[in-house]
file my_file-v1.cif (mmCIF, C-alpha atoms and all ligand atoms)
data_query
#
loop_
_atom_site.label_atom_id
_atom_site.label_comp_id
_atom_site.auth_asym_id
_atom_site.auth_seq_id
_atom_site.Cartn_x
_atom_site.Cartn_y
_atom_site.Cartn_z
CA MET A 1066 21.26 3.19 -14.35
CA ALA A 1067 19.44 -0.10 -14.88
CA ASP A 1068 18.60 -1.92 -11.69
CA ILE A 1069 18.10 -5.16 -13.60
CA PRO A 1070 21.48 -5.68 -15.29
CA ILE A 1071 22.12 -7.78 -18.38
CA THR A 1072 24.11 -10.20 -16.23
CA LYS A 1073 25.70 -10.39 -12.82
CA PRO A 1074 28.60 -12.56 -11.65
CA CYS A 1075 27.70 -15.07 -8.98
CA PHE A 1076 30.04 -14.51 -6.02
CA ASP A 1077 29.53 -15.74 -2.45
CA ALA A 1078 31.48 -16.50 0.73
CA ASN A 1079 33.19 -19.50 -0.91
CA ASP A 1080 34.57 -17.34 -3.72
CA ARG A 1081 35.81 -14.76 -1.22
CA ARG A 1082 37.51 -17.44 0.87
CA ALA A 1083 39.07 -18.97 -2.22
CA VAL A 1084 40.78 -15.79 -3.44
CA LEU A 1085 42.38 -15.25 -0.03
CA GLU A 1086 44.03 -18.68 0.07
CA PRO A 1087 46.79 -17.90 -2.46
CA LEU A 1088 47.49 -14.59 -0.69
CA ASP A 1089 47.93 -16.42 2.61
CA SER A 1090 50.09 -19.11 1.01
CA GLY A 1091 52.32 -16.57 -0.76
CA TRP A 1092 52.08 -18.37 -4.15
CA VAL A 1093 50.02 -16.18 -6.48
CA VAL A 1094 51.27 -16.95 -10.00
CA GLN A 1095 50.19 -19.97 -12.09
CA GLY A 1096 50.55 -22.92 -9.74
CA PRO A 1097 48.55 -25.56 -7.88
CA ARG A 1098 45.23 -23.69 -7.96
CA VAL A 1099 45.37 -23.13 -11.71
CA ALA A 1100 46.13 -26.85 -12.06
CA ALA A 1101 43.14 -27.72 -9.85
CA PHE A 1102 40.89 -25.45 -11.92
CA GLU A 1103 42.15 -27.09 -15.13
CA ASN A 1104 41.34 -30.51 -13.67
CA ALA A 1105 37.85 -29.40 -12.63
CA ILE A 1106 37.06 -28.10 -16.12
CA ALA A 1107 38.58 -31.17 -17.80
CA ARG A 1108 36.34 -33.38 -15.62
CA PHE A 1109 33.25 -31.29 -16.37
CA THR A 1110 33.79 -31.13 -20.13
CA GLY A 1111 35.30 -34.57 -20.64
CA ALA A 1112 38.29 -33.01 -22.46
CA ARG A 1113 41.50 -35.02 -22.05
CA CYS A 1114 43.55 -31.84 -21.47
CA ALA A 1115 42.66 -28.35 -20.26
CA VAL A 1116 45.18 -25.50 -20.24
CA ALA A 1117 44.30 -22.20 -18.55
CA THR A 1118 45.23 -18.81 -20.02
CA THR A 1119 44.59 -15.13 -19.34
CA SER A 1120 41.46 -14.99 -21.56
CA CYS A 1121 39.60 -16.83 -24.27
CA THR A 1122 41.25 -14.49 -26.77
CA THR A 1123 44.74 -15.61 -25.73
CA ALA A 1124 43.53 -19.23 -25.54
CA LEU A 1125 42.35 -19.01 -29.16
CA HIS A 1126 45.59 -17.34 -30.22
CA LEU A 1127 47.66 -20.18 -28.75
CA ALA A 1128 45.31 -22.87 -30.09
CA LEU A 1129 45.73 -21.48 -33.61
CA LEU A 1130 49.52 -21.35 -33.23
CA ALA A 1131 49.61 -24.87 -31.79
CA CYS A 1132 47.70 -26.03 -34.89
CA GLY A 1133 50.34 -24.43 -37.10
CA ILE A 1134 48.20 -21.58 -38.44
CA GLY A 1135 50.28 -18.71 -39.80
CA PRO A 1136 50.91 -16.29 -42.68
CA GLY A 1137 49.44 -17.38 -46.01
CA ASP A 1138 46.70 -19.48 -44.40
CA GLU A 1139 42.97 -18.83 -44.41
CA VAL A 1140 40.71 -19.58 -41.47
CA ILE A 1141 36.93 -19.68 -41.87
CA VAL A 1142 35.01 -17.83 -39.15
CA PRO A 1143 31.34 -16.85 -38.82
CA ALA A 1144 30.54 -13.24 -39.77
CA PHE A 1145 28.42 -12.78 -36.63
CA THR A 1146 30.58 -13.29 -33.52
CA PHE A 1147 32.60 -11.26 -31.05
CA VAL A 1148 35.46 -9.48 -32.84
CA ALA A 1149 38.08 -11.51 -30.93
CA THR A 1150 37.30 -14.59 -33.06
CA ALA A 1151 38.60 -12.82 -36.17
CA ASN A 1152 41.29 -10.79 -34.36
CA VAL A 1153 43.16 -13.89 -33.21
CA VAL A 1154 43.40 -15.09 -36.82
CA GLU A 1155 44.92 -11.70 -37.70
CA HIS A 1156 47.41 -12.09 -34.81
CA THR A 1157 48.79 -15.27 -36.39
CA GLY A 1158 49.28 -13.53 -39.74
CA ALA A 1159 46.58 -15.67 -41.36
CA ARG A 1160 43.47 -14.28 -43.01
CA PRO A 1161 40.00 -14.67 -41.54
CA VAL A 1162 37.46 -15.60 -44.20
CA PHE A 1163 33.88 -14.98 -43.18
CA ALA A 1164 30.92 -17.28 -43.69
CA ASP A 1165 27.33 -16.24 -43.08
CA ILE A 1166 25.27 -17.58 -40.19
CA ASP A 1167 21.97 -19.34 -39.77
CA LEU A 1168 19.41 -16.95 -38.23
CA ASP A 1169 17.67 -19.77 -36.35
CA THR A 1170 20.78 -20.55 -34.30
CA PHE A 1171 23.05 -17.47 -34.77
CA ASN A 1172 25.78 -20.01 -35.62
CA ILE A 1173 27.85 -20.56 -38.76
CA ASP A 1174 25.79 -21.93 -41.66
CA VAL A 1175 27.60 -25.12 -42.59
CA THR A 1176 26.43 -24.94 -46.21
CA ARG A 1177 28.27 -21.61 -46.50
CA ILE A 1178 31.56 -23.06 -45.27
CA GLU A 1179 32.09 -25.25 -48.32
CA ARG A 1180 31.59 -22.29 -50.63
CA VAL A 1181 34.52 -20.34 -49.18
CA VAL A 1182 37.04 -23.18 -48.87
CA THR A 1183 40.07 -22.50 -51.10
CA ARG A 1184 43.54 -24.00 -51.55
CA LYS A 1185 44.73 -21.79 -48.71
CA THR A 1186 42.09 -22.84 -46.17
CA LYS A 1187 43.80 -24.35 -43.15
CA ALA A 1188 41.13 -24.30 -40.45
CA ILE A 1189 37.52 -23.73 -39.52
CA MET A 1190 36.68 -21.83 -36.35
CA PRO A 1191 33.04 -22.51 -35.47
CA VAL A 1192 31.64 -20.37 -32.66
CA HIS A 1193 29.08 -21.78 -30.20
CA LEU A 1194 27.34 -18.46 -29.82
CA PHE A 1195 25.38 -17.54 -26.68
CA GLY A 1196 25.80 -21.10 -25.37
CA LEU A 1197 24.37 -23.04 -28.31
CA THR A 1198 26.70 -25.41 -30.15
CA ALA A 1199 27.24 -25.01 -33.89
CA ASP A 1200 26.35 -27.97 -36.12
CA MET A 1201 29.45 -29.99 -35.28
CA ASP A 1202 28.38 -32.94 -37.45
CA GLY A 1203 28.51 -30.62 -40.43
CA VAL A 1204 31.69 -28.83 -39.41
CA MET A 1205 33.60 -32.06 -38.73
CA ARG A 1206 32.36 -33.65 -41.95
CA ILE A 1207 33.70 -30.75 -43.98
CA ALA A 1208 36.93 -30.67 -41.99
CA ARG A 1209 37.53 -34.39 -42.47
CA GLY A 1210 36.81 -34.10 -46.16
CA GLY A 1211 39.33 -31.30 -46.23
CA ARG A 1212 40.15 -28.86 -48.93
CA LEU A 1213 40.10 -31.23 -51.86
CA HIS A 1214 36.83 -32.78 -50.84
CA ALA A 1215 35.16 -29.39 -50.83
CA GLU A 1216 36.64 -28.53 -54.21
CA GLN A 1217 35.43 -31.82 -55.61
CA SER A 1218 31.93 -31.30 -54.33
CA ARG A 1219 31.94 -27.93 -56.06
CA ASP A 1220 33.14 -29.59 -59.27
CA ARG A 1221 30.50 -32.22 -58.84
CA ARG A 1222 27.79 -29.63 -58.54
CA ASN A 1223 29.06 -27.82 -61.61
CA GLN A 1224 29.61 -30.76 -63.88
CA CYS A 1225 27.14 -33.32 -62.53
CA ARG A 1226 29.76 -36.04 -62.70
CA ASP A 1227 28.99 -39.36 -61.13
CA ARG A 1228 32.52 -40.75 -61.07
CA GLU A 1229 33.31 -39.06 -57.78
CA GLY A 1230 34.80 -42.20 -56.24
CA ALA A 1231 37.47 -42.34 -58.89
CA VAL A 1232 38.20 -38.62 -58.59
CA GLU A 1233 38.48 -38.77 -54.81
CA SER A 1234 40.80 -41.71 -54.68
CA SER A 1235 43.14 -40.11 -57.19
CA LEU A 1236 43.72 -37.11 -54.93
CA SER A 1237 45.19 -37.14 -51.45
CA ARG A 1238 43.12 -35.37 -48.83
CA ARG A 1239 44.30 -32.78 -46.39
CA PRO A 1240 41.91 -32.44 -43.46
CA LEU A 1241 41.23 -28.96 -42.12
CA ARG A 1242 41.98 -28.11 -38.50
CA VAL A 1243 39.04 -27.19 -36.28
CA ILE A 1244 39.43 -24.70 -33.44
CA GLU A 1245 36.15 -24.12 -31.61
CA ASP A 1246 35.44 -20.72 -30.11
CA ALA A 1247 33.57 -22.03 -27.08
CA ALA A 1248 33.87 -18.72 -25.18
CA CYS A 1249 30.15 -18.75 -24.39
CA ALA A 1250 29.72 -22.47 -24.32
CA ILE A 1251 30.39 -23.87 -20.89
CA GLY A 1252 27.47 -26.21 -20.23
CA ALA A 1253 26.67 -26.54 -23.96
CA PHE A 1254 26.46 -30.04 -25.39
CA PHE A 1255 26.05 -31.52 -28.87
CA ARG A 1256 25.02 -35.19 -29.02
CA GLY A 1257 25.98 -35.48 -25.37
CA ARG A 1258 29.50 -34.17 -25.93
CA HIS A 1259 30.63 -30.89 -24.43
CA ALA A 1260 31.36 -27.91 -26.71
CA GLY A 1261 35.04 -27.46 -27.43
CA THR A 1262 35.88 -31.18 -27.43
CA PHE A 1263 35.17 -31.98 -31.10
CA GLY A 1264 37.98 -30.35 -33.02
CA ASP A 1265 41.72 -30.00 -32.49
CA ALA A 1266 41.06 -27.52 -29.67
CA GLY A 1267 38.22 -25.55 -28.11
CA CYS A 1268 38.51 -22.39 -26.01
CA LEU A 1269 36.42 -21.24 -23.06
CA SER A 1270 36.10 -17.74 -21.56
CA PHE A 1271 35.79 -16.84 -17.90
CA HIS A 1272 34.99 -13.17 -18.49
CA PRO A 1273 32.20 -11.87 -16.20
CA ARG A 1274 29.74 -11.90 -19.12
CA LYS A 1275 30.08 -15.70 -19.27
CA SER A 1276 28.46 -18.30 -16.99
CA ILE A 1277 31.40 -18.65 -14.59
CA THR A 1278 34.14 -16.08 -14.17
CA THR A 1279 37.69 -15.58 -12.90
CA GLY A 1280 37.64 -11.82 -13.70
CA GLU A 1281 39.56 -12.37 -16.91
CA GLY A 1282 40.48 -15.91 -17.90
CA GLY A 1283 40.31 -18.59 -20.54
CA MET A 1284 41.09 -22.24 -21.18
CA VAL A 1285 42.13 -24.39 -24.10
CA LEU A 1286 40.41 -27.79 -24.20
CA THR A 1287 41.96 -30.49 -26.33
CA ASN A 1288 42.13 -34.25 -26.63
CA LYS A 1289 45.52 -34.01 -28.32
CA ALA A 1290 48.55 -34.20 -26.06
CA ALA A 1291 50.71 -32.46 -28.67
CA VAL A 1292 48.36 -29.44 -28.85
CA ALA A 1293 48.19 -29.24 -25.04
CA GLY A 1294 51.97 -29.43 -24.79
CA ALA A 1295 52.49 -26.68 -27.34
CA VAL A 1296 49.92 -24.43 -25.64
CA ARG A 1297 51.52 -25.01 -22.21
CA LYS A 1298 54.90 -23.90 -23.49
CA LEU A 1299 53.65 -20.96 -25.54
CA ARG A 1300 51.66 -19.50 -22.63
CA ASP A 1301 54.85 -19.48 -20.55
CA HIS A 1302 57.36 -17.68 -22.81
CA GLY A 1303 58.23 -20.96 -24.54
CA ALA A 1304 59.77 -22.44 -21.39
CA GLU A 1305 60.33 -26.20 -21.37
CA ILE A 1306 59.42 -26.48 -17.66
CA THR A 1307 57.15 -24.34 -15.47
CA ASP A 1308 58.19 -22.09 -12.58
CA LEU A 1309 56.37 -24.35 -10.15
CA ALA A 1310 58.18 -27.48 -11.33
CA ARG A 1311 61.51 -25.65 -11.08
CA HIS A 1312 60.60 -24.31 -7.64
CA LYS A 1313 59.72 -27.80 -6.40
CA THR A 1314 62.97 -29.36 -7.59
CA GLY A 1315 65.03 -26.46 -6.28
CA GLY A 1316 66.32 -25.69 -9.78
CA LEU A 1317 68.57 -22.64 -9.78
CA LEU A 1318 69.06 -22.26 -13.50
CA LEU A 1319 66.52 -21.06 -16.05
CA PRO A 1320 65.06 -23.74 -18.33
CA GLU A 1321 65.49 -24.09 -22.10
CA TYR A 1322 63.30 -21.97 -24.44
CA ASN A 1323 62.64 -23.51 -27.85
CA ALA A 1324 59.99 -21.03 -29.02
CA ALA A 1325 59.38 -17.29 -28.72
CA GLY A 1326 56.34 -17.66 -26.46
CA TYR A 1327 54.07 -15.30 -24.59
CA ASN A 1328 53.09 -14.59 -21.02
CA TYR A 1329 49.47 -15.77 -21.12
CA ARG A 1330 49.48 -17.37 -17.66
CA MET A 1331 46.45 -17.29 -15.40
CA THR A 1332 47.25 -16.33 -11.79
CA ASP A 1333 46.64 -18.72 -8.89
CA ILE A 1334 44.27 -16.10 -7.42
CA GLN A 1335 42.11 -16.57 -10.52
CA GLY A 1336 42.64 -20.33 -10.41
CA ALA A 1337 41.32 -20.41 -6.84
CA LEU A 1338 38.29 -18.35 -7.84
CA GLY A 1339 37.77 -20.64 -10.83
CA CYS A 1340 37.66 -23.70 -8.54
CA ALA A 1341 35.00 -22.05 -6.37
CA GLN A 1342 33.01 -21.06 -9.46
CA ALA A 1343 33.31 -24.52 -11.02
CA ALA A 1344 31.92 -26.04 -7.81
CA LYS A 1345 28.59 -24.33 -8.44
CA LEU A 1346 28.56 -24.59 -12.22
CA ASN A 1347 25.80 -27.19 -12.31
CA TRP A 1348 23.59 -25.02 -10.10
CA ILE A 1349 24.28 -21.95 -12.27
CA LEU A 1350 23.38 -23.82 -15.47
CA LYS A 1351 20.23 -25.26 -13.91
CA ARG A 1352 19.06 -21.82 -12.82
CA LYS A 1353 19.78 -20.23 -16.20
CA ARG A 1354 17.97 -23.00 -18.06
CA ALA A 1355 14.94 -22.66 -15.81
CA LEU A 1356 14.83 -18.89 -16.39
CA ALA A 1357 15.23 -19.36 -20.14
CA ARG A 1358 12.26 -21.74 -20.09
CA ARG A 1359 10.24 -19.07 -18.25
CA TYR A 1360 11.09 -16.47 -20.92
CA GLU A 1361 10.07 -18.95 -23.59
CA ASN A 1362 6.70 -19.62 -21.99
CA ALA A 1363 6.02 -15.96 -21.30
CA LEU A 1364 7.08 -14.55 -24.69
CA GLY A 1365 6.28 -17.41 -27.05
CA ASP A 1366 3.07 -15.83 -28.33
CA LEU A 1367 4.67 -12.51 -29.43
CA GLN A 1368 4.77 -12.46 -33.23
CA GLU A 1369 7.35 -9.63 -33.22
CA PHE A 1370 10.17 -11.88 -31.98
CA ARG A 1371 11.93 -15.09 -32.78
CA LEU A 1372 13.01 -16.69 -29.55
CA PRO A 1373 16.21 -18.75 -29.29
CA GLY A 1374 15.42 -22.36 -30.11
CA THR A 1375 17.40 -25.49 -29.29
CA PRO A 1376 17.92 -27.82 -32.27
CA ALA A 1377 17.78 -31.58 -31.77
CA HIS A 1378 20.99 -33.06 -30.27
CA CYS A 1379 21.82 -29.78 -28.47
CA VAL A 1380 21.74 -28.81 -24.81
CA HIS A 1381 21.79 -25.03 -24.54
CA GLY A 1382 24.17 -23.48 -22.02
CA TYR A 1383 22.38 -20.08 -22.10
CA GLN A 1384 25.39 -17.83 -21.68
CA SER A 1385 22.84 -15.22 -22.81
CA TYR A 1386 19.20 -15.23 -23.78
CA VAL A 1387 19.16 -13.57 -27.21
CA LEU A 1388 16.08 -13.10 -29.33
CA LEU A 1389 15.69 -11.67 -32.80
CA ALA A 1390 13.35 -8.70 -33.29
CA LEU A 1391 12.27 -10.08 -36.67
CA PRO A 1392 8.55 -10.74 -37.07
CA ARG A 1393 7.81 -14.45 -37.47
CA GLN A 1394 6.04 -14.12 -40.82
CA MET A 1395 9.05 -12.36 -42.38
CA THR A 1396 11.97 -14.16 -43.95
CA LEU A 1397 15.04 -12.01 -44.57
CA PRO A 1398 14.05 -8.32 -44.50
CA ASP A 1399 15.07 -6.10 -47.41
CA ARG A 1400 17.15 -2.98 -46.83
CA ARG A 1401 14.26 -0.69 -46.03
CA GLU A 1402 12.54 -3.18 -43.72
CA LEU A 1403 15.80 -3.86 -41.94
CA ARG A 1404 16.26 -0.14 -41.29
CA LEU A 1405 12.77 0.16 -39.83
CA LEU A 1406 13.05 -2.98 -37.70
CA HIS A 1407 16.47 -1.86 -36.50
CA ALA A 1408 15.09 1.49 -35.38
CA ARG A 1409 12.26 -0.35 -33.68
CA ARG A 1410 14.61 -2.66 -31.78
CA ASN A 1411 16.72 0.30 -30.65
CA GLY A 1412 13.59 2.10 -29.50
CA LEU A 1413 12.59 -0.97 -27.54
CA MET A 1414 16.01 -1.10 -25.85
CA LYS A 1415 15.65 2.57 -24.90
CA SER A 1416 12.16 2.07 -23.47
CA LEU A 1417 13.35 -0.92 -21.43
CA ALA A 1418 16.29 1.13 -20.14
CA ALA A 1419 13.74 3.73 -19.00
CA HIS A 1420 12.12 0.91 -17.00
CA GLY A 1421 15.49 0.19 -15.36
CA ILE A 1422 16.09 -2.91 -17.49
CA ALA A 1423 19.40 -3.43 -19.29
CA THR A 1424 19.50 -5.08 -22.71
CA ARG A 1425 22.24 -5.40 -25.35
CA GLN A 1426 22.52 -6.30 -28.99
CA GLY A 1427 23.56 -9.99 -29.08
CA THR A 1428 26.99 -9.37 -30.61
CA HIS A 1429 28.25 -7.74 -33.81
CA ALA A 1430 28.69 -8.50 -37.49
CA VAL A 1431 32.48 -8.45 -37.63
CA HIS A 1432 32.62 -7.82 -41.40
CA CYS A 1433 30.85 -4.48 -40.76
CA LEU A 1434 33.50 -3.27 -38.28
CA ALA A 1435 35.82 -0.59 -39.64
CA TYR A 1436 39.02 -2.64 -39.52
CA TYR A 1437 37.64 -5.64 -41.41
CA ARG A 1438 35.54 -3.58 -43.78
CA SER A 1439 38.50 -1.60 -44.98
CA ARG A 1440 41.17 -4.32 -44.79
CA TYR A 1441 39.20 -6.80 -46.88
CA GLY A 1442 36.87 -4.47 -48.79
CA LEU A 1443 33.72 -6.01 -47.32
CA ARG A 1444 30.20 -4.64 -47.61
CA PRO A 1445 27.42 -5.12 -45.04
CA GLU A 1446 25.22 -6.98 -47.53
CA ASP A 1447 27.95 -9.57 -48.21
CA TYR A 1448 26.65 -11.54 -45.21
CA PRO A 1449 22.95 -10.68 -44.98
CA ASN A 1450 22.08 -12.95 -42.05
CA ALA A 1451 24.97 -11.66 -39.97
CA LEU A 1452 23.88 -8.12 -40.81
CA ALA A 1453 20.29 -8.86 -39.75
CA ALA A 1454 21.50 -10.45 -36.50
CA ASP A 1455 23.67 -7.40 -35.83
CA ARG A 1456 20.75 -5.01 -36.34
CA LEU A 1457 17.95 -7.06 -34.77
CA SER A 1458 19.35 -9.23 -31.98
CA LEU A 1459 18.36 -8.42 -28.43
CA ALA A 1460 19.84 -9.95 -25.28
CA LEU A 1461 17.59 -9.95 -22.22
CA PRO A 1462 18.81 -9.99 -18.61
CA LEU A 1463 19.78 -13.48 -17.46
CA TYR A 1464 21.78 -14.50 -14.39
CA PRO A 1465 21.38 -17.31 -11.88
CA GLN A 1466 20.45 -15.06 -8.95
CA MET A 1467 17.67 -13.40 -10.97
CA THR A 1468 14.45 -13.58 -8.98
CA ILE A 1469 11.06 -14.50 -10.41
CA ALA A 1470 9.88 -10.98 -9.53
CA GLU A 1471 12.77 -9.45 -11.50
CA GLN A 1472 12.14 -11.67 -14.48
CA ASP A 1473 8.42 -10.91 -14.40
CA ARG A 1474 9.27 -7.21 -14.49
CA VAL A 1475 11.34 -7.76 -17.63
CA ILE A 1476 8.56 -9.78 -19.24
CA ARG A 1477 5.87 -7.23 -18.37
CA ALA A 1478 7.95 -4.26 -19.55
CA LEU A 1479 8.87 -6.01 -22.80
CA ARG A 1480 5.24 -6.84 -23.62
CA GLU A 1481 4.16 -3.33 -22.75
CA CYS A 1482 6.89 -1.69 -24.85
CA VAL A 1483 6.11 -3.91 -27.84
CA ASP A 1484 2.45 -2.93 -27.64
CA THR A 1485 3.26 0.77 -27.64
CA SER A 1486 6.06 0.81 -30.22
CA PRO A 1487 5.00 1.91 -33.72
CA PRO A 1488 4.49 -0.95 -36.20
C1 LIG B 1 33.59 -13.39 -24.86
C2 LIG B 1 33.98 -13.92 -26.17
C3 LIG B 1 35.31 -13.98 -26.59
C4 LIG B 1 36.43 -13.35 -25.82
O1 LIG B 1 36.62 -13.89 -24.55
P1 LIG B 1 37.65 -13.17 -23.57
O2 LIG B 1 37.81 -14.16 -22.46
O3 LIG B 1 37.02 -11.90 -23.12
O4 LIG B 1 38.91 -12.95 -24.31
C5 LIG B 1 35.60 -14.58 -27.80
N1 LIG B 1 34.63 -15.07 -28.58
C6 LIG B 1 33.33 -15.03 -28.23
C7 LIG B 1 32.30 -15.61 -29.13
C8 LIG B 1 32.97 -14.43 -27.02
O5 LIG B 1 31.67 -14.34 -26.70
#
call {"tool": "encode", "arguments": {"input": "my_file-v1.cif", "output": "structure tokens", "more": "lines below"}}
Ligand SMILES: *Cc1c(COP(=O)(O)O)cnc(C)c1O
result
Amino acid sequence: MADIPITKPCFDANDRRAVLEPLDSGWVVQGPRVAAFENAIARFTGARCAVATTSCTTALHLALLACGIGPGDEVIVPAFTFVATANVVEHTGARPVFADIDLDTFNIDVTRIERVVTRKTKAIMPVHLFGLTADMDGVMRIARGGRLHAEQSRDRRNQCRDREGAVESSLSRRPLRVIEDAACAIGAFFRGRHAGTFGDAGCLSFHPRKSITTGEGGMVLTNKAAVAGAVRKLRDHGAEITDLARHKTGGLLLPEYNAAGYNYRMTDIQGALGCAQAAKLNWILKRKRALARRYENALGDLQEFRLPGTPAHCVHGYQSYVLLALPRQMTLPDRRELRLLHARRNGLMKSLAAHGIATRQGTHAVHCLAYYRSRYGLRPEDYPNALAADRLSLALPLYPQMTIAEQDRVIRALRECVDTSPP
């Protein structure tokens, strides 16, 4: 067992006190503490509305439904992300269409989005992976241009026409919806704006692998009252009014149900924990950023790795610290090189485990997973950057309580293992 874990939730006496409050009050389902947690996250992110759910997965599911995504639609998702990003598209009956990523950021490559837009494309789901925002200028530009705009730009490239103005004005545009998977992105900013507040909706996760946790939990951020309203109803079986509102007014009869909704409600026990976690969010982010800077300084000279960078306009939230075991002088490795580098990364992870240090691969290439491979006939090499990230990414331990001594042990062991691993 590793004594330096990949991450560790940050619980203290305040968290313990918080979870007991709802038990003492007797109100444990979604109620005042969930509302207080929603307000705290809305304040922190600057989102007009925040609606809590049982997980980021269920938050994304409801956000897609609230945006009208359903059978016959296509939704563009990055090929390298947690499987839930694509699964929620499947849940709506729509089809996830993958786009390759940029290896410098692990995020969707905006130039690839335009190439996969079709007449059926209804939405783009950028993921702000590991706490770094995707290029939201690029995503929003494509979304605003919409389906026709992308088709025109393809035509333009093909035919080198210069009468684009006339072509554009003769066709009506249909903007694409944007649902941000901001599961990892609390504390991540792009041009000073918090992740998840650019598109129609953005969804946060409060799983223990993320920067703050409620055990399981998620939240839909949106600036659109209509989206928030739809999500609120759908998370509560489709009910027109909440249990709490009915309880307060002494209502004896059940409310009206205009949609076949779900039970995706967060409990007030989790809401209370969320409030306690949110209270120390700034401290958590500050600690993680300081530790990330220490990794950067201590590992920057190693030619075997590409460290996570932060593009201009971005503030990294460092949900995880993920590097790429791809030598700096190499561009994209060919098949044989990738196999060798992959074996080398796995060997490194094993050696670190022998030192009591936990590591993980960053996340997976979803198009390589059995379900997606067989359902859509995809091959690993269809998205070469996602494949390389799958095989070569390496997450190092990072958590706010990590001591300098612990981090130095990771750094020392990593340098030592690199030196001894075969070239
Ligand atoms: C963690 C994660 C999810 C799922 O979040 P849950 O709260 O566990 O449902 C979705 N997408 C990404 C990118 C994630 O990292």
call {"tool": "residues_near_ligand", "arguments": {"input": "my_file-v1.cif", "ligand": "ligand LIG 1 (chain B)", "cutoff": "6 Å", "atoms": "only C-alpha atoms and all ligand atoms", "output": "tab-separated table (two decimals) with C-alpha atoms, keeping the file's coordinate frame"}}
result
chain	number	residue	atom	x	y	z
A	1120	SER	CA	41.46	-14.99	-21.56
A	1121	CYS	CA	39.60	-16.83	-24.27
A	1122	THR	CA	41.25	-14.49	-26.77
A	1146	THR	CA	30.58	-13.29	-33.52
A	1147	PHE	CA	32.60	-11.26	-31.05
A	1149	ALA	CA	38.08	-11.51	-30.93
A	1150	THR	CA	37.30	-14.59	-33.06
A	1192	VAL	CA	31.64	-20.37	-32.66
A	1194	LEU	CA	27.34	-18.46	-29.82
A	1246	ASP	CA	35.44	-20.72	-30.11
A	1248	ALA	CA	33.87	-18.72	-25.18
A	1249	CYS	CA	30.15	-18.75	-24.39
A	1270	SER	CA	36.10	-17.74	-21.56
A	1271	PHE	CA	35.79	-16.84	-17.90
A	1272	HIS	CA	34.99	-13.17	-18.49
A	1282	GLY	CA	40.48	-15.91	-17.90
A	1283	GLY	CA	40.31	-18.59	-20.54
call {"tool": "closest_residue", "arguments": {"input": "my_file-v1.cif", "among": "A:Phe1263, A:Arg1239, A:Val1148, A:Val1162", "to": "Thr1110 (chain A)", "atoms": "all atoms listed in the file"}}
result
A:Phe1263
call {"tool": "closest_residue", "arguments": {"input": "my_file-v1.cif", "among": "A:Gln1394, A:Asn1079, A:Thr1332, A:Gln1384", "to": "Glu1369 (chain A)", "atoms": "only C-alpha atoms"}}
result
A:Gln1394
call {"tool": "residues_around", "arguments": {"input": "my_file-v1.cif", "residues": "Arg1113 (chain A)", "least_positions_apart": "4", "cutoff": "9 Å", "atoms": "only C-alpha atoms", "output": "NGL selection string"}}
result
:A and (1107-1108 or 1262 or 1286-1290)
call {"tool": "residues_around", "arguments": {"input": "my_file-v1.cif", "residues": "region 1128-1142 of chain A", "least_positions_apart": "5", "cutoff": "8 Å", "atoms": "all atoms listed in the file", "output": "PyMOL selection string"}}
result
chain A and resi 1150-1151+1154+1157-1164+1173+1178+1181-1182+1185-1192+1242+1244+1265-1268+1285+1292+1295-1296
call {"tool": "residues_around", "arguments": {"input": "my_file-v1.cif", "residues": "Tyr1436 (chain A)", "least_positions_apart": "3", "cutoff": "12 Å", "atoms": "all atoms listed in the file", "output": "ChimeraX atom specification"}}
result
/A:1148,1151-1152,1155,1431-1433,1439-1443
call {"tool": "write_last_selection", "arguments": {"input": "my_file-v1.cif", "atoms": "C-alpha atoms", "output": "PDB file, in the coordinates of the input"}}
result
ATOM      1  CA  VAL A1148      35.460  -9.480 -32.840  1.00  0.00           C
ATOM      2  CA  ALA A1151      38.600 -12.820 -36.170  1.00  0.00           C
ATOM      3  CA  ASN A1152      41.290 -10.790 -34.360  1.00  0.00           C
ATOM      4  CA  GLU A1155      44.920 -11.700 -37.700  1.00  0.00           C
ATOM      5  CA  VAL A1431      32.480  -8.450 -37.630  1.00  0.00           C
ATOM      6  CA  HIS A1432      32.620  -7.820 -41.400  1.00  0.00           C
ATOM      7  CA  CYS A1433      30.850  -4.480 -40.760  1.00  0.00           C
ATOM      8  CA  SER A1439      38.500  -1.600 -44.980  1.00  0.00           C
ATOM      9  CA  ARG A1440      41.170  -4.320 -44.790  1.00  0.00           C
ATOM     10  CA  TYR A1441      39.200  -6.800 -46.880  1.00  0.00           C
ATOM     11  CA  GLY A1442      36.870  -4.470 -48.790  1.00  0.00           C
ATOM     12  CA  LEU A1443      33.720  -6.010 -47.320  1.00  0.00           C
TER      13      LEU A1443
END
call {"tool": "closest_residue", "arguments": {"input": "my_file-v1.cif", "among": "A:Gly1336, A:Leu1397, A:Glu1471, A:Met1414", "to": "Asn1104 (chain A)", "atoms": "all atoms listed in the file"}}
result
A:Gly1336
call {"tool": "axis_aligned_box", "arguments": {"input": "my_file-v1.cif", "around": "region 1109-1121 of chain A", "padding_each_side": "4 Å", "output": "AutoDock Vina command-line options"}}
result
--center_x 39.2 --center_y -25.0 --center_z -20.3 --size_x 20.0 --size_y 28.0 --size_z 15.9
call {"tool": "atom_distance", "arguments": {"input": "my_file-v1.cif", "atom1": "CA of Pro1240 (chain A)", "atom2": "CA of Gly1210 (chain A)"}}
result
6.0 Å
call {"tool": "closest_residue", "arguments": {"input": "my_file-v1.cif", "among": "A:Asp1455, A:Glu1481, A:Asp1333, A:Glu1245", "to": "Leu1388 (chain A)", "atoms": "all atoms listed in the file"}}
result
A:Asp1455
